[in-house]
>>> print(open('my_file.pdb').read())   # PDB, C-alpha atoms
ATOM      1  CA  MET O 158      51.363 -13.470 -54.218
ATOM      2  CA  THR O 159      48.004 -12.403 -52.872
ATOM      3  CA  THR O 160      47.160  -8.876 -51.836
ATOM      4  CA  SER O 161      44.613  -8.193 -49.093
ATOM      5  CA  THR O 162      42.188  -5.399 -49.690
ATOM      6  CA  SER O 163      40.291  -3.760 -46.802
ATOM      7  CA  ALA O 164      36.558  -3.475 -47.191
ATOM      8  CA  SER O 165      35.389   0.032 -47.870
ATOM      9  CA  PRO O 166      33.118   1.483 -45.191
ATOM     10  CA  ARG O 167      29.446   1.303 -45.925
ATOM     11  CA  GLU O 168      28.182   4.623 -47.039
ATOM     12  CA  LEU O 169      25.304   5.992 -45.002
ATOM     13  CA  PRO O 170      22.180   6.564 -46.991
ATOM     14  CA  HIS O 171      21.566  10.177 -47.705
ATOM     15  CA  VAL O 172      18.518  11.469 -45.823
ATOM     16  CA  PRO O 173      17.224  14.889 -46.748
ATOM     17  CA  TRP O 174      17.429  17.373 -43.896
ATOM     18  CA  GLY O 175      13.836  18.399 -44.454
ATOM     19  CA  ARG O 176      12.651  14.840 -43.812
ATOM     20  CA  VAL O 177      14.687  14.690 -40.579
ATOM     21  CA  ARG O 178      13.155  17.922 -39.340
ATOM     22  CA  GLN O 179       9.683  16.711 -40.262
ATOM     23  CA  GLY O 180      10.233  13.482 -38.282
ATOM     24  CA  ARG O 181      11.408  15.405 -35.228
ATOM     25  CA  ARG O 182       8.410  17.717 -35.408
ATOM     26  CA  SER O 183       6.058  14.740 -35.639
ATOM     27  CA  ALA O 184       7.709  13.117 -32.612
ATOM     28  CA  ASP O 185       7.472  16.409 -30.692
ATOM     29  CA  ARG O 186       3.761  16.771 -31.528
ATOM     30  CA  ALA O 187       3.095  13.174 -30.485
ATOM     31  CA  MET O 188       4.910  13.695 -27.170
ATOM     32  CA  LYS O 189       2.990  16.906 -26.499
ATOM     33  CA  LEU O 190      -0.286  15.156 -27.315
ATOM     34  CA  ILE O 191       0.490  12.252 -24.954
ATOM     35  CA  ALA O 192       1.593  14.573 -22.129
ATOM     36  CA  THR O 193      -1.481  16.774 -22.597
ATOM     37  CA  GLY O 194      -3.769  13.743 -22.589
ATOM     38  CA  PHE O 195      -2.358  12.398 -19.318
ATOM     39  CA  THR O 196      -2.522  15.885 -17.795
ATOM     40  CA  PHE O 197      -6.201  16.168 -18.603
ATOM     41  CA  CYS O 198      -6.758  12.668 -17.202
ATOM     42  CA  ALA O 199      -5.173  13.725 -13.903
ATOM     43  CA  ILE O 200      -7.188  16.952 -13.820
ATOM     44  CA  PHE O 201     -10.382  15.039 -14.622
ATOM     45  CA  VAL O 202      -9.817  12.590 -11.753
ATOM     46  CA  LEU O 203      -8.979  15.449  -9.368
ATOM     47  CA  PHE O 204     -12.124  17.423 -10.205
ATOM     48  CA  TRP O 205     -14.178  14.238 -10.137
ATOM     49  CA  ILE O 206     -13.072  13.623  -6.550
ATOM     50  CA  LEU O 207     -13.611  17.248  -5.543
ATOM     51  CA  GLY O 208     -16.995  17.338  -7.259
ATOM     52  CA  MET O 209     -18.102  14.174  -5.509
ATOM     53  CA  LEU O 210     -16.992  15.606  -2.147
ATOM     54  CA  VAL O 211     -18.907  18.827  -2.763
ATOM     55  CA  VAL O 212     -22.089  17.100  -3.982
ATOM     56  CA  LYS O 213     -22.201  14.525  -1.193
ATOM     57  CA  GLY O 214     -20.644  16.613   1.580
ATOM     58  CA  ILE O 215     -22.456  19.905   1.246
ATOM     59  CA  GLY O 216     -25.743  18.223   2.148
ATOM     60  CA  GLY O 217     -24.347  17.330   5.566
ATOM     61  CA  LEU O 218     -23.131  20.834   6.365
ATOM     62  CA  SER O 219     -25.345  22.772   8.724
ATOM     63  CA  LEU O 220     -25.091  24.739  11.940
ATOM     64  CA  ALA O 221     -25.481  21.501  13.897
ATOM     65  CA  THR O 222     -22.381  20.095  12.162
ATOM     66  CA  PHE O 223     -20.249  22.699  13.928
ATOM     67  CA  THR O 224     -22.130  22.934  17.231
ATOM     68  CA  GLN O 225     -23.232  19.405  18.184
ATOM     69  CA  VAL O 226     -21.152  16.401  19.169
ATOM     70  CA  THR O 227     -20.998  13.208  17.133
ATOM     71  CA  PRO O 228     -24.134  11.066  17.549
ATOM     72  CA  GLY O 229     -24.222   7.607  19.050
ATOM     73  CA  PRO O 230     -25.166   4.460  17.122
ATOM     74  CA  GLY O 231     -28.746   4.557  15.870
ATOM     75  CA  SER O 232     -29.419   8.108  17.113
ATOM     76  CA  GLU O 233     -30.577  10.926  14.863
ATOM     77  CA  GLY O 234     -28.979  14.300  14.225
ATOM     78  CA  GLY O 235     -25.637  15.163  15.736
ATOM     79  CA  GLY O 236     -22.625  16.983  14.377
ATOM     80  CA  LEU O 237     -18.847  17.044  14.319
ATOM     81  CA  ALA O 238     -18.025  19.776  16.815
ATOM     82  CA  ASN O 239     -15.955  17.602  19.149
ATOM     83  CA  ALA O 240     -14.146  15.950  16.226
ATOM     84  CA  ILE O 241     -13.310  19.313  14.631
ATOM     85  CA  VAL O 242     -11.946  20.758  17.865
ATOM     86  CA  GLY O 243     -10.063  17.537  18.598
ATOM     87  CA  SER O 244      -8.431  17.562  15.164
ATOM     88  CA  PHE O 245      -7.440  21.193  15.657
ATOM     89  CA  VAL O 246      -5.839  20.404  19.030
ATOM     90  CA  LEU O 247      -3.987  17.319  17.779
ATOM     91  CA  THR O 248      -2.741  19.118  14.665
ATOM     92  CA  PHE O 249      -1.591  22.073  16.776
ATOM     93  CA  LEU O 250       0.280  19.722  19.107
ATOM     94  CA  GLY O 251       1.888  17.961  16.168
ATOM     95  CA  ILE O 252       3.089  21.149  14.509
ATOM     96  CA  ALA O 253       4.236  22.546  17.870
ATOM     97  CA  VAL O 254       6.414  19.449  18.338
ATOM     98  CA  ALA O 255       7.719  19.423  14.766
ATOM     99  CA  THR O 256       8.450  23.114  14.136
ATOM    100  CA  PRO O 257      11.367  23.755  16.537
ATOM    101  CA  ILE O 258      12.963  20.366  15.834
ATOM    102  CA  GLY O 259      12.538  20.650  12.071
ATOM    103  CA  VAL O 260      13.694  24.258  11.797
ATOM    104  CA  LEU O 261      16.767  23.758  13.984
ATOM    105  CA  ALA O 262      17.708  20.476  12.277
ATOM    106  CA  GLY O 263      17.336  22.043   8.830
ATOM    107  CA  THR O 264      19.389  25.024   9.969
ATOM    108  CA  TRP O 265      22.199  22.769  11.201
ATOM    109  CA  LEU O 266      22.252  20.875   7.908
ATOM    110  CA  ALA O 267      22.402  24.085   5.849
ATOM    111  CA  GLU O 268      24.697  26.213   8.019
ATOM    112  CA  TYR O 269      26.912  23.878  10.049
ATOM    113  CA  GLY O 270      26.794  20.309   8.739
ATOM    114  CA  ARG O 271      26.787  21.060   5.002
ATOM    115  CA  LYS O 272      28.722  18.231   3.272
ATOM    116  CA  SER O 273      29.917  16.377   6.376
ATOM    117  CA  GLN O 274      29.327  12.643   6.724
ATOM    118  CA  LEU O 275      27.019  13.165   9.693
ATOM    119  CA  ALA O 276      24.922  15.643   7.690
ATOM    120  CA  ASN O 277      24.668  13.199   4.783
ATOM    121  CA  LEU O 278      23.572  10.466   7.196
ATOM    122  CA  ILE O 279      20.912  12.756   8.701
ATOM    123  CA  ARG O 280      19.638  13.646   5.220
ATOM    124  CA  PHE O 281      19.422   9.949   4.340
ATOM    125  CA  ILE O 282      17.453   9.169   7.516
ATOM    126  CA  ASN O 283      15.228  12.205   6.933
ATOM    127  CA  ASP O 284      14.426  10.988   3.415
ATOM    128  CA  ILE O 285      13.469   7.587   4.839
ATOM    129  CA  LEU O 286      11.152   9.220   7.392
ATOM    130  CA  LEU O 287       9.706  11.407   4.656
ATOM    131  CA  SER O 288       8.426   8.336   2.815
ATOM    132  CA  ALA O 289       7.798   6.070   5.805
ATOM    133  CA  PRO O 290       4.228   4.693   6.101
ATOM    134  CA  SER O 291       2.348   6.700   8.691
ATOM    135  CA  ILE O 292       0.894   3.548  10.245
ATOM    136  CA  LEU O 293       4.417   2.466  11.257
ATOM    137  CA  ILE O 294       4.958   5.790  12.996
ATOM    138  CA  GLY O 295       1.658   5.326  14.812
ATOM    139  CA  LEU O 296       2.709   1.857  15.907
ATOM    140  CA  PHE O 297       6.071   3.203  17.108
ATOM    141  CA  VAL O 298       4.404   5.896  19.233
ATOM    142  CA  TYR O 299       1.940   3.300  20.536
ATOM    143  CA  VAL O 300       4.855   1.216  21.832
ATOM    144  CA  ILE O 301       6.660   4.113  23.535
ATOM    145  CA  LEU O 302       3.784   6.311  24.770
ATOM    146  CA  VAL O 303       0.501   4.389  24.792
ATOM    147  CA  GLU O 304       1.399   0.915  25.994
ATOM    148  CA  PRO O 305       3.693   2.005  28.887
ATOM    149  CA  PHE O 306       1.044   4.430  30.217
ATOM    150  CA  ARG O 307      -1.785   1.940  29.607
ATOM    151  CA  GLY O 308      -4.062   4.312  27.773
ATOM    152  CA  TYR O 309      -4.614   6.403  24.669
ATOM    153  CA  SER O 310      -4.035  10.147  24.833
ATOM    154  CA  GLY O 311      -3.976  13.275  22.761
ATOM    155  CA  TRP O 312      -0.326  13.762  23.704
ATOM    156  CA  ALA O 313       0.611  10.526  21.968
ATOM    157  CA  GLY O 314      -1.411  11.589  18.921
ATOM    158  CA  GLY O 315       0.376  14.945  18.810
ATOM    159  CA  VAL O 316       3.783  13.255  18.998
ATOM    160  CA  ALA O 317       2.851  10.871  16.167
ATOM    161  CA  LEU O 318       1.731  13.740  13.949
ATOM    162  CA  GLY O 319       4.838  15.707  14.894
ATOM    163  CA  ILE O 320       7.124  12.859  13.793
ATOM    164  CA  ILE O 321       5.357  12.819  10.430
ATOM    165  CA  ALA O 322       5.739  16.593  10.019
ATOM    166  CA  ILE O 323       9.409  16.851  11.063
ATOM    167  CA  PRO O 324      10.958  15.519   7.799
ATOM    168  CA  VAL O 325       8.905  17.953   5.710
ATOM    169  CA  ILE O 326      10.037  20.938   7.766
ATOM    170  CA  VAL O 327      13.674  19.753   7.827
ATOM    171  CA  ARG O 328      13.827  19.381   4.049
ATOM    172  CA  THR O 329      12.074  22.675   3.335
ATOM    173  CA  THR O 330      14.152  24.636   5.855
ATOM    174  CA  GLU O 331      17.431  23.311   4.490
ATOM    175  CA  ASP O 332      16.432  23.987   0.886
ATOM    176  CA  MET O 333      15.307  27.531   1.650
ATOM    177  CA  LEU O 334      18.471  28.363   3.601
ATOM    178  CA  ASN O 335      20.633  26.984   0.796
ATOM    179  CA  LEU O 336      18.983  29.499  -1.544
ATOM    180  CA  VAL O 337      20.193  32.434   0.568
ATOM    181  CA  PRO O 338      23.233  33.991  -1.196
ATOM    182  CA  SER O 339      26.555  33.474   0.576
ATOM    183  CA  PRO O 340      27.493  37.203   0.356
ATOM    184  CA  LEU O 341      24.725  37.925   2.881
ATOM    185  CA  ARG O 342      26.404  35.624   5.405
ATOM    186  CA  GLU O 343      29.811  37.061   4.589
ATOM    187  CA  ALA O 344      28.526  40.602   5.097
ATOM    188  CA  GLY O 345      27.223  39.705   8.545
ATOM    189  CA  ALA O 346      30.509  38.022   9.470
ATOM    190  CA  ALA O 347      32.438  41.047   8.217
ATOM    191  CA  LEU O 348      30.542  43.221  10.685
ATOM    192  CA  GLY O 349      31.757  40.991  13.498
ATOM    193  CA  ALA O 350      28.508  39.121  14.133
ATOM    194  CA  PRO O 351      28.902  35.559  15.403
ATOM    195  CA  PRO O 352      27.411  32.738  13.286
ATOM    196  CA  ALA O 353      24.349  32.386  15.530
ATOM    197  CA  VAL O 354      23.488  36.071  15.070
ATOM    198  CA  VAL O 355      24.054  35.853  11.314
ATOM    199  CA  ILE O 356      21.711  32.863  11.103
ATOM    200  CA  THR O 357      18.893  34.381  13.180
ATOM    201  CA  SER O 358      19.163  37.949  11.871
ATOM    202  CA  VAL O 359      20.191  37.417   8.246
ATOM    203  CA  THR O 360      19.597  33.953   6.822
ATOM    204  CA  TRP O 361      16.376  33.188   8.681
ATOM    205  CA  ARG O 362      14.983  36.585   7.769
ATOM    206  CA  ALA O 363      15.889  36.105   4.111
ATOM    207  CA  ALA O 364      14.343  32.631   3.987
ATOM    208  CA  LYS O 365      11.371  33.181   6.293
ATOM    209  CA  ALA O 366       8.751  33.003   3.505
ATOM    210  CA  GLY O 367       9.941  29.580   2.367
ATOM    211  CA  MET O 368      10.338  28.314   5.927
ATOM    212  CA  VAL O 369       6.805  29.352   6.852
ATOM    213  CA  THR O 370       5.584  27.692   3.674
ATOM    214  CA  GLY O 371       7.272  24.452   4.733
ATOM    215  CA  ILE O 372       5.539  24.601   8.102
ATOM    216  CA  LEU O 373       2.166  25.146   6.432
ATOM    217  CA  LEU O 374       2.767  22.276   4.026
ATOM    218  CA  ALA O 375       3.656  20.032   6.969
ATOM    219  CA  LEU O 376       0.460  21.188   8.670
ATOM    220  CA  ALA O 377      -1.550  20.215   5.593
ATOM    221  CA  ARG O 378       0.317  16.899   5.480
ATOM    222  CA  ILE O 379      -0.746  15.838   8.974
ATOM    223  CA  ALA O 380      -4.241  17.338   8.982
ATOM    224  CA  GLY O 381      -5.824  14.284   7.380
ATOM    225  CA  GLU O 382      -3.730  11.478   8.867
ATOM    226  CA  THR O 383      -5.830   8.602  10.192
ATOM    227  CA  ALA O 384      -3.654   5.555  10.859
ATOM    228  CA  PRO O 385      -1.346   7.156  13.476
ATOM    229  CA  LEU O 386      -4.332   8.470  15.432
ATOM    230  CA  ILE O 387      -5.988   5.051  15.563
ATOM    231  CA  PHE O 388      -2.954   3.771  17.470
ATOM    232  CA  THR O 389      -2.488   6.840  19.696
ATOM    233  CA  ALA O 390      -5.476   9.148  20.237
ATOM    234  CA  LEU O 391      -8.161   6.692  19.129
ATOM    235  CA  ASN O 392     -11.565   8.455  19.163
ATOM    236  CA  ASN O 393     -14.806   8.964  21.099
ATOM    237  CA  ASN O 394     -18.247  10.506  20.634
ATOM    238  CA  PHE O 395     -17.897  13.064  23.423
ATOM    239  CA  TRP O 396     -15.825  16.079  24.341
ATOM    240  CA  PHE O 397     -12.327  15.058  25.312
ATOM    241  CA  SER O 398     -10.737  15.681  28.701
ATOM    242  CA  PRO O 399      -8.764  18.949  29.064
ATOM    243  CA  SER O 400      -5.795  16.832  30.144
ATOM    244  CA  LEU O 401      -6.006  15.014  26.776
ATOM    245  CA  VAL O 402      -5.830  11.698  28.618
ATOM    246  CA  GLY O 403      -8.042   9.025  27.106
ATOM    247  CA  GLY O 404      -9.515   8.912  23.636
ATOM    248  CA  VAL O 405      -9.573  12.236  21.806
ATOM    249  CA  SER O 406     -12.166  12.708  19.086
ATOM    250  CA  ASN O 407     -10.808  13.755  15.689
ATOM    251  CA  LEU O 408     -12.096  14.108  12.156
ATOM    252  CA  PRO O 409      -9.975  11.505  10.301
ATOM    253  CA  VAL O 410     -10.866   8.591  12.573
ATOM    254  CA  THR O 411     -14.491   9.770  12.820
ATOM    255  CA  ILE O 412     -14.727   9.789   9.027
ATOM    256  CA  TYR O 413     -13.239   6.295   8.884
ATOM    257  CA  GLN O 414     -15.721   4.953  11.441
ATOM    258  CA  PHE O 415     -18.800   6.783  10.154
ATOM    259  CA  ALA O 416     -18.187   5.998   6.468
ATOM    260  CA  SER O 417     -18.239   2.251   7.135
ATOM    261  CA  ALA O 418     -21.270   2.382   9.450
ATOM    262  CA  PRO O 419     -24.788   1.327   8.359
ATOM    263  CA  TYR O 420     -26.411   4.529   9.679
ATOM    264  CA  GLU O 421     -27.377   7.110   7.079
ATOM    265  CA  ASN O 422     -26.730  10.160   9.263
ATOM    266  CA  TRP O 423     -23.254   8.821  10.121
ATOM    267  CA  GLN O 424     -22.452   8.417   6.443
ATOM    268  CA  GLN O 425     -23.692  11.938   5.739
ATOM    269  CA  LEU O 426     -21.502  13.332   8.517
ATOM    270  CA  ALA O 427     -18.539  11.375   7.106
ATOM    271  CA  TRP O 428     -18.964  13.127   3.764
ATOM    272  CA  ALA O 429     -19.298  16.482   5.506
ATOM    273  CA  GLY O 430     -16.137  15.844   7.523
ATOM    274  CA  SER O 431     -14.249  14.857   4.371
ATOM    275  CA  LEU O 432     -15.302  18.107   2.734
ATOM    276  CA  ILE O 433     -14.199  20.116   5.772
ATOM    277  CA  ILE O 434     -10.730  18.512   5.796
ATOM    278  CA  THR O 435     -10.321  18.939   2.032
ATOM    279  CA  MET O 436     -11.278  22.606   2.125
ATOM    280  CA  SER O 437      -8.972  23.208   5.092
ATOM    281  CA  ILE O 438      -6.010  21.666   3.264
ATOM    282  CA  LEU O 439      -6.895  23.650   0.141
ATOM    283  CA  VAL O 440      -6.909  26.903   2.111
ATOM    284  CA  LEU O 441      -3.560  26.058   3.714
ATOM    285  CA  SER O 442      -2.052  25.312   0.305
ATOM    286  CA  ILE O 443      -3.328  28.593  -1.126
ATOM    287  CA  VAL O 444      -1.964  30.529   1.849
ATOM    288  CA  ALA O 445       1.425  28.791   1.442
ATOM    289  CA  ARG O 446       1.586  29.745  -2.228
ATOM    290  CA  ARG O 447       0.663  33.348  -1.481
ATOM    291  CA  ILE O 448       3.393  33.551   1.144
ATOM    292  CA  VAL O 449       5.941  32.206  -1.344
ATOM    293  CA  ALA O 450       4.759  34.667  -4.007
ATOM    294  CA  GLY O 451       4.921  37.554  -1.542
ATOM    295  CA  GLY O 452       8.416  36.575  -0.405
ATOM    296  CA  LYS O 453       9.916  36.694  -3.900
TER
END
>>> encode(input="my_file.pdb", output="structure tokens")
Amino acid sequence: MTTSTSASPRELPHVPWGRVRQGRRSADRAMKLIATGFTFCAIFVLFWILGMLVVKGIGGLSLATFTQVTPGPGSEGGGLANAIVGSFVLTFLGIAVATPIGVLAGTWLAEYGRKSQLANLIRFINDILLSAPSILIGLFVYVILVEPFRGYSGWAGGVALGIIAIPVIVRTTEDMLNLVPSPLREAGAALGAPPAVVITSVTWRAAKAGMVTGILLALARIAGETAPLIFTALNNNFWFSPSLVGGVSNLPVTIYQFASAPYENWQQLAWAGSLIITMSILVLSIVARRIVAGGK
């Protein structure tokens, strides 16, 4: 008669606790060193780009840069006055289109839609638009606003920039409204205020700092867009028509055209325009952060 014996479990080797702690500390130090190294690499690249913009762009800044129109091919001098004003107008149009749509859509998602299937579908589409290539949006606006009217216009450029800015404002507005405590809404409802009054008088007021920050971030997002404007507003070397019909001069497309040109003064103005856009976006970002800090 044979008896079966079960194999005894293998005993784990005894590892001193001090050695385990030492290994974890070494792994933690290595991870911190790697993360710090990549952080400094990113900072180095960022300051390298900014330094190059300052060194090459500051030489092209002068009074003529802000008072004279862009020069023609082979001509001397000139400035970026028409491009600066055109960019300001197009950006203003874009944010004017995007702000009411984005704020109201974000409000509906946070206050009315919440977890409904339609709200989830809108969030999914908004996320797609948030990461959509801007050149596709420019092509879309070209098909619906430029081709049917047989001409470029500042209105088409403003709509293209507005479509790019809408997802940013929608996401920011919804997130900021979701941070408003529910007891504030309940207090307004307890006083007999309808939902629309509670939203405009309570939740919007509580989240206004974050909502304004979202609008400013969307403004910074569209300030340097080039591809959509090539398809919609195009560009020119003169002052644009007050009706915004025809090509509208703007900084991004001017920089693109001047940087690839063989004329030295055009290249210098391209660097100056790049510096102007970068500093403008930097100022907008600083203002947005100050608004958020002041709203806390």
>>> resolve_selection(input="my_file.pdb", expression="the PyMOL selection byres ((chain O and resi 261-271) around 8)", output="ChimeraX atom specification")
/O:257-260,272-273,275-276,326-332,334-335,356
>>> resolve_selection(input="my_file.pdb", expression="the PyMOL selection byres ((chain O and resi 445) around 12)", output="short mmCIF file (atom, residue, chain, number, x, y, z; two decimals) with C-alpha atoms, in the frame of the given file")
data_model
loop_
_atom_site.label_atom_id
_atom_site.label_comp_id
_atom_site.auth_asym_id
_atom_site.auth_seq_id
_atom_site.Cartn_x
_atom_site.Cartn_y
_atom_site.Cartn_z
CA LYS O 365 11.37 33.18 6.29
CA ALA O 366 8.75 33.00 3.50
CA GLY O 367 9.94 29.58 2.37
CA MET O 368 10.34 28.31 5.93
CA VAL O 369 6.80 29.35 6.85
CA THR O 370 5.58 27.69 3.67
CA GLY O 371 7.27 24.45 4.73
CA ILE O 372 5.54 24.60 8.10
CA LEU O 373 2.17 25.15 6.43
CA LEU O 374 2.77 22.28 4.03
CA ALA O 375 3.66 20.03 6.97
CA LEU O 376 0.46 21.19 8.67
CA ALA O 377 -1.55 20.22 5.59
CA ILE O 438 -6.01 21.67 3.26
CA LEU O 439 -6.90 23.65 0.14
CA VAL O 440 -6.91 26.90 2.11
CA LEU O 441 -3.56 26.06 3.71
CA SER O 442 -2.05 25.31 0.30
CA ILE O 443 -3.33 28.59 -1.13
CA VAL O 444 -1.96 30.53 1.85
CA ARG O 446 1.59 29.74 -2.23
CA ARG O 447 0.66 33.35 -1.48
CA ILE O 448 3.39 33.55 1.14
CA VAL O 449 5.94 32.21 -1.34
CA ALA O 450 4.76 34.67 -4.01
CA GLY O 451 4.92 37.55 -1.54
CA GLY O 452 8.42 36.58 -0.40
#
>>> resolve_selection(input="my_file.pdb", expression="the PyMOL selection byres ((chain O and resi 396) around 9)", output="list of chain:residue names")
O:Val226, O:Ala238, O:Asn239, O:Ala240, O:Val242, O:Gly243, O:Asn393, O:Asn394, O:Phe395, O:Phe397, O:Ser398, O:Pro399, O:Val405, O:Ser406
>>> residues_around(input="my_file.pdb", residues="Ile379 (chain O)", least_positions_apart="2", cutoff="8 Å", atoms="only C-alpha atoms", output="PDB file with C-alpha atoms, in the coordinates of the input")
ATOM      1  CA  THR O 248      -2.741  19.118  14.665  1.00  0.00           C
ATOM      2  CA  GLY O 251       1.888  17.961  16.168  1.00  0.00           C
ATOM      3  CA  LEU O 318       1.731  13.740  13.949  1.00  0.00           C
ATOM      4  CA  ILE O 321       5.357  12.819  10.430  1.00  0.00           C
ATOM      5  CA  ALA O 322       5.739  16.593  10.019  1.00  0.00           C
ATOM      6  CA  ALA O 375       3.656  20.032   6.969  1.00  0.00           C
ATOM      7  CA  LEU O 376       0.460  21.188   8.670  1.00  0.00           C
ATOM      8  CA  ALA O 377      -1.550  20.215   5.593  1.00  0.00           C
ATOM      9  CA  GLY O 381      -5.824  14.284   7.380  1.00  0.00           C
ATOM     10  CA  GLU O 382      -3.730  11.478   8.867  1.00  0.00           C
TER      11      GLU O 382
END
>>> closest_residue(input="my_file.pdb", among="O:Trp361, O:Phe201, O:Phe415, O:Phe388", to="Tyr309 (chain O)", atoms="all atoms listed in the file")
O:Phe388
>>> atom_distance(input="my_file.pdb", atom1="CA of Thr435 (chain O)", atom2="CA of Ala199 (chain O)")
17.5 Å
>>> residues_around(input="my_file.pdb", residues="Phe297 (chain O)", least_positions_apart="5", cutoff="12 Å", atoms="all atoms listed in the file", output="list in words")
Ala289, Pro290, Ser291, Ile292, Leu302, Val303, Glu304, Ala313, Gly314, Val316, Ala317, Leu318, Ile320, Ile321, Ala384, Pro385, Leu386, Phe388 and Thr389 of chain O
>>> atom_distance(input="my_file.pdb", atom1="CA of Leu210 (chain O)", atom2="CA of Gly315 (chain O)")
27.2 Å
>>> atom_distance(input="my_file.pdb", atom1="CA of Glu233 (chain O)", atom2="CA of Val212 (chain O)")
21.6 Å
>>> residues_around(input="my_file.pdb", residues="region 416-430 of chain O", least_positions_apart="6", cutoff="9 Å", atoms="only C-alpha atoms", output="MDAnalysis selection string")
chainID O and resid 210:211 213:218 222 227:228 230:237 240:241 408:409
>>> closest_residue(input="my_file.pdb", among="O:Val402, O:Ala347, O:Leu207, O:Ala255", to="Ile433 (chain O)", atoms="all atoms listed in the file")
O:Leu207
>>> closest_residue(input="my_file.pdb", among="O:Ala346, O:Val325, O:Ala380, O:Leu401", to="Phe245 (chain O)", atoms="only C-alpha atoms")
O:Ala380
>>> decode(input="my_file.pdb", residues="region 226-251 of chain O", atoms="C-alpha atoms", output="tab-separated table (two decimals), in the first residue's frame")
chain	number	residue	atom	x	y	z
O	226	VAL	CA	1.45	98.30	-43.27
O	227	THR	CA	3.21	95.15	-44.44
O	228	PRO	CA	5.66	95.83	-47.29
O	229	GLY	CA	5.37	94.43	-50.78
O	230	PRO	CA	7.87	92.02	-52.33
O	231	GLY	CA	11.32	93.55	-52.69
O	232	SER	CA	10.40	96.82	-50.96
O	233	GLU	CA	12.21	98.17	-47.91
O	234	GLY	CA	10.83	99.06	-44.50
O	235	GLY	CA	7.22	98.41	-43.65
O	236	GLY	CA	5.53	97.13	-40.54
O	237	LEU	CA	2.74	94.92	-39.24
O	238	ALA	CA	0.04	97.43	-38.37
O	239	ASN	CA	-2.62	96.01	-40.69
O	240	ALA	CA	-1.79	92.43	-39.66
O	241	ILE	CA	-1.98	93.28	-35.94
O	242	VAL	CA	-5.34	95.03	-36.29
O	243	GLY	CA	-6.64	92.24	-38.52
O	244	SER	CA	-5.65	89.58	-36.00
O	245	PHE	CA	-7.35	91.56	-33.24
O	246	VAL	CA	-10.57	91.81	-35.27
O	247	LEU	CA	-10.60	88.14	-36.26
O	248	THR	CA	-9.84	86.99	-32.71
O	249	PHE	CA	-12.58	89.26	-31.35
O	250	LEU	CA	-15.05	87.83	-33.86
O	251	GLY	CA	-14.05	84.30	-32.97
